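Notes follow once the structure below has been shown.
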Amino acid sequence: MTCVNIGRPLSGVATVVMLSLGCASIGFAQSPAAASSPAASSPADPHDLNGLWQGPYTPDLARAYGKELPFTPYGLERWKKVDTAYDPTAVCLPVGPARGIQAPMPFQIVQTKDVTTLLFEYQHTFRMIYADGRKPPDDIADYPEWMGFSSGRWEGDTLVVDTVAVNDRTWLDTAGHEHSDKLRLTERFRKTAPDSIEWTVTFDDSVFFTQPWSVTRTLRRLKATDRVMSYSCEENNRDVPHLVPKTGRP
């Protein structure tokens with residue numbers, strides 16, 4: 001696999017994780033971040049989530065939960081058989097909504113009145129949260145999405161996000177906790193300080209778990225001089241064998 005994280009200084013744990021996936025991290029001097037979204041008002045505004053954020057790397061949700069997850073018999077059987085050598089991200093499949101936030105890399109939140117977008121450095125992908133009242137399409141279950149379909153609403157100072165139709169080929173964490181196509185995520189983003197967001201995510205999947213369960217992590221705003229960097233993962237490029245150099249070219 002080829003995956004490159006350009007310029008992101010990694011912690012010791014993150015470096016081990018990236019190297020275990022065959023990734024390279026290349027450092028360059030960072031330029032100032034781009035101007036904030038026009039929708040931004042003030043870092044102190046509890047409804048203004050714009051900015052560059054990162055949470056603590058959470059490779060195993062069971063540790064964050066503090067005890068064994070409430071598996072169904074089927075869920076427990078699948079957990080006992082999981083092999084991290086088959087991590088879907090190792091072949092560049094998209095990371096999924098919750099795992100993207102738990103990664104050891106930052107993401108940019110860009111808000112407008114109707115849509116909140118999360119721009120992830122991990123896999124250089126994005127996620128859209130619709131806050132304009134739209135509902136998932138009637139046929140959404142037939143066309144699951146890697147990030148699922150997310151609808152958001154404000155409850156006081158908390159952005160509540162409901163996500164359905166998450167492709168069941170994604171994992172919930174690096175440890176290999178899986179889910180079914182019945183998974184429903186409920187996330188709560190609550191700004192507790194100008195540079196801090198409390199993120200609580202609830203996993204509800206009756207196929208894998210006997211009851212909904214939740215974890216809470218704290219997202220921290222990064223420096224104004226930091227930014228989302230380039231990331232490339234190319235193992236899943238099936239067209240490579242068809243790329244034949246022209247005669248006479250190196």
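Labels used: A, B, ... for chains in the order of the structure tokens, numbers from 1 for residues in each chain, and numbers from 1 for ligands as shown.
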From the DSSP assignment of the backbone, select every residue of region 4-212 of chain A that is alpha helix (DSSP H), and format the answer as a ChimeraX atom specification. /A:12-20,61-65,73-81,97-102
Please build the interface table for region 149-213 of chain A against region 131-145 of chain A with a cut-off of 8 Å, listing for each qualifying residue the nearest atom pair and the distance in Å to one decimal; count only C-alpha atoms, order rows by chain and increasing number, and write it as CSV.
```
residue,atom,partner,partner_atom,distance
A:Phe149,CA,A:Pro136,CA,6.5
A:Ser151,CA,A:Ala131,CA,6.0
A:Gly152,CA,A:Ala131,CA,4.7
A:Arg153,CA,A:Ala131,CA,5.8
A:Ala165,CA,A:Pro144,CA,4.7
A:Val166,CA,A:Glu145,CA,5.4
A:Asn167,CA,A:Pro144,CA,5.1
A:Asp181,CA,A:Ala141,CA,7.9
```
Have a look at A:Trp171, A:Phe126, A:Tyr74, A:Phe120 and name the one nearest to Ala90 (chain A); count only C-alpha atoms.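 Result for the nearest residue to Ala90 (chain A): A:Trp171.
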Would you pick out the contacts of Leu119 (chain A) at 10 Å or less, using only C-alpha atoms, so that residues sharing its chain but fewer than 4 positions from it are not included, and give the list as a ChimeraX atom specification? /A:52,100,106-110,123-128,228
Point-to-point distance from CA of Leu69 (chain A) to CA of Leu185 (chain A), Å rounded to tenths: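 Between these atoms lies a distance of 15.6 Å.
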Tell me, which residues of region 154-212 of chain A carry DSSP strand (DSSP E), written as a list in words? Trp154, Glu155, Thr158, Leu159, Val160, Val161, Asp162, Thr163, Val164, Arg184, Leu185, Thr186, Glu187, Arg188, Phe189, Arg190, Lys191, Thr192, Ala193, Ser196, Ile197, Glu198, Trp199, Thr200, Val201, Thr202, Phe203 and Asp204 of chain A
Using only C-alpha atoms, which residues sit within 6 Å of region 199-212 of chain A once same-chain residues fewer than 6 positions away are excluded, as a PDB file with N, CA and C atoms, in the first residue's frame?
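What follows is the written file result-v9.pdb:
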```
ATOM      1  N   PRO A  70     -21.410  -4.029  24.707  1.00  0.00           N
ATOM      2  CA  PRO A  70     -22.575  -4.908  24.907  1.00  0.00           C
ATOM      3  C   PRO A  70     -22.910  -5.706  23.647  1.00  0.00           C
ATOM      4  N   PHE A  71     -22.068  -6.681  23.349  1.00  0.00           N
ATOM      5  CA  PHE A  71     -22.233  -7.469  22.134  1.00  0.00           C
ATOM      6  C   PHE A  71     -23.466  -8.370  22.185  1.00  0.00           C
ATOM      7  N   THR A  72     -24.079  -8.561  21.045  1.00  0.00           N
ATOM      8  CA  THR A  72     -24.999  -9.662  20.848  1.00  0.00           C
ATOM      9  C   THR A  72     -24.140 -10.913  20.644  1.00  0.00           C
ATOM     10  N   GLY A  75     -22.437 -10.444  17.410  1.00  0.00           N
ATOM     11  CA  GLY A  75     -21.411  -9.416  17.474  1.00  0.00           C
ATOM     12  C   GLY A  75     -20.153  -9.919  18.167  1.00  0.00           C
ATOM     13  N   LYS A 182     -27.536  -1.694   9.812  1.00  0.00           N
ATOM     14  CA  LYS A 182     -28.578  -1.126  10.674  1.00  0.00           C
ATOM     15  C   LYS A 182     -28.028  -0.049  11.608  1.00  0.00           C
ATOM     16  N   LEU A 183     -26.737   0.189  11.575  1.00  0.00           N
ATOM     17  CA  LEU A 183     -26.115   1.148  12.487  1.00  0.00           C
ATOM     18  C   LEU A 183     -26.739   2.537  12.362  1.00  0.00           C
ATOM     19  N   ARG A 184     -27.013   3.127  13.512  1.00  0.00           N
ATOM     20  CA  ARG A 184     -27.426   4.525  13.582  1.00  0.00           C
ATOM     21  C   ARG A 184     -26.489   5.233  14.553  1.00  0.00           C
ATOM     22  N   LEU A 185     -25.887   6.298  14.090  1.00  0.00           N
ATOM     23  CA  LEU A 185     -25.018   7.109  14.940  1.00  0.00           C
ATOM     24  C   LEU A 185     -25.772   8.361  15.383  1.00  0.00           C
ATOM     25  N   THR A 186     -25.628   8.691  16.651  1.00  0.00           N
ATOM     26  CA  THR A 186     -26.122   9.968  17.145  1.00  0.00           C
ATOM     27  C   THR A 186     -24.944  10.686  17.778  1.00  0.00           C
ATOM     28  N   GLU A 187     -24.585  11.829  17.225  1.00  0.00           N
ATOM     29  CA  GLU A 187     -23.441  12.596  17.726  1.00  0.00           C
ATOM     30  C   GLU A 187     -23.922  13.927  18.293  1.00  0.00           C
ATOM     31  N   ARG A 188     -23.221  14.371  19.320  1.00  0.00           N
ATOM     32  CA  ARG A 188     -23.510  15.672  19.924  1.00  0.00           C
ATOM     33  C   ARG A 188     -22.212  16.471  19.991  1.00  0.00           C
ATOM     34  N   PHE A 189     -22.198  17.586  19.300  1.00  0.00           N
ATOM     35  CA  PHE A 189     -21.061  18.493  19.304  1.00  0.00           C
ATOM     36  C   PHE A 189     -21.428  19.697  20.172  1.00  0.00           C
ATOM     37  N   THR A 218     -12.893  14.791  23.735  1.00  0.00           N
ATOM     38  CA  THR A 218     -12.753  16.240  23.653  1.00  0.00           C
ATOM     39  C   THR A 218     -11.936  16.615  22.428  1.00  0.00           C
TER      40      THR A 218
END
```
May I ask which of the residues A:Cys92, A:Ala224, A:Lys191, A:Gln102 is the closest one to Thr158 (chain A), counting only C-alpha atoms?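 So, comparing all the options, the nearest one is A:Lys191.
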Looking at A:Thr174, A:Tyr130, A:Gly148, A:Lys80, which one is nearest to Val160 (chain A), with distances taken over only C-alpha atoms?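 That would be A:Tyr130, the residue with the smallest distance to Val160 (chain A).
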Please list as a PyMOL selection string every residue within 6 Å of Asp168 (chain A), counting only C-alpha atoms and excluding residues in the same chain fewer than 2 positions away. chain A and resi 170+179-181
Just-selected residues, N, CA and C atoms written as a JSON list (two decimals), in the first residue's frame:
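Final output, saved to selection.json:
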```json
[["chain", "number", "residue", "atom", "x", "y", "z"],
["A", 170, "THR", "N", -17.12, -0.51, 6.64],
["A", 170, "THR", "CA", -16.26, 0.33, 7.49],
["A", 170, "THR", "C", -16.18, -0.27, 8.89],
["A", 179, "HIS", "N", -19.80, -3.26, 12.41],
["A", 179, "HIS", "CA", -21.21, -2.89, 12.55],
["A", 179, "HIS", "C", -21.97, -3.43, 11.36],
["A", 180, "SER", "N", -23.28, -3.37, 11.44],
["A", 180, "SER", "CA", -24.12, -3.82, 10.34],
["A", 180, "SER", "C", -24.68, -2.62, 9.59],
["A", 181, "ASP", "N", -25.49, -2.90, 8.58],
["A", 181, "ASP", "CA", -26.11, -1.80, 7.84],
["A", 181, "ASP", "C", -27.26, -1.17, 8.62]]
```
Residue among A:Ala193, A:Thr58, A:Val82, A:Ile129 lying closest to Thr117 (chain A), counting only C-alpha atoms: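 The answer is A:Ile129, which sits nearest to Thr117 (chain A).
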Could you work out how far CA of Gln111 (chain A) lies from CA of Arg217 (chain A), giving the answer in Å with one decimal?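 A separation of 20.9 Å between them.
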One decimal, Å: what's the distance from CA of Thr116 (chain A) over to CA of Arg99 (chain A), could you say? 17.8 Å
Counting only C-alpha atoms, the residue of A:Arg78, A:Arg227, A:Lys113, A:His177 that sits nearest Pro59 (chain A):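 For Pro59 (chain A), the nearest of the candidates is A:His177.
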Quick one: residues within 9 Å of Tyr65 (chain A), only C-alpha atoms, excluding same-chain residues fewer than 2 positions away - as an mmCIF file with C-alpha atoms, in the first residue's frame?
```cif
data_model
loop_
_atom_site.group_PDB
_atom_site.id
_atom_site.type_symbol
_atom_site.label_atom_id
_atom_site.label_comp_id
_atom_site.auth_asym_id
_atom_site.auth_seq_id
_atom_site.Cartn_x
_atom_site.Cartn_y
_atom_site.Cartn_z
ATOM 1 C CA ASP A 60 -10.044 0.990 20.618
ATOM 2 C CA LEU A 61 -13.521 2.213 21.534
ATOM 3 C CA ALA A 62 -13.857 -0.429 24.241
ATOM 4 C CA ARG A 63 -11.078 1.287 26.204
ATOM 5 C CA LYS A 67 -15.679 -2.018 29.721
ATOM 6 C CA GLU A 68 -16.564 -4.698 27.207
ATOM 7 C CA LEU A 69 -19.009 -3.517 24.592
ATOM 8 C CA TRP A 213 -23.636 2.690 23.968
ATOM 9 C CA SER A 214 -21.724 5.959 23.988
ATOM 10 C CA VAL A 215 -18.273 7.456 24.351
ATOM 11 C CA THR A 216 -17.249 11.087 24.838
#
```
Nearest to Trp53 (chain A) by atom-to-atom distance, counting only C-alpha atoms, from A:Leu222, A:Val161, A:Val91, A:Met229: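 Of the candidates, the smallest distance to Trp53 (chain A) is held by A:Leu222.
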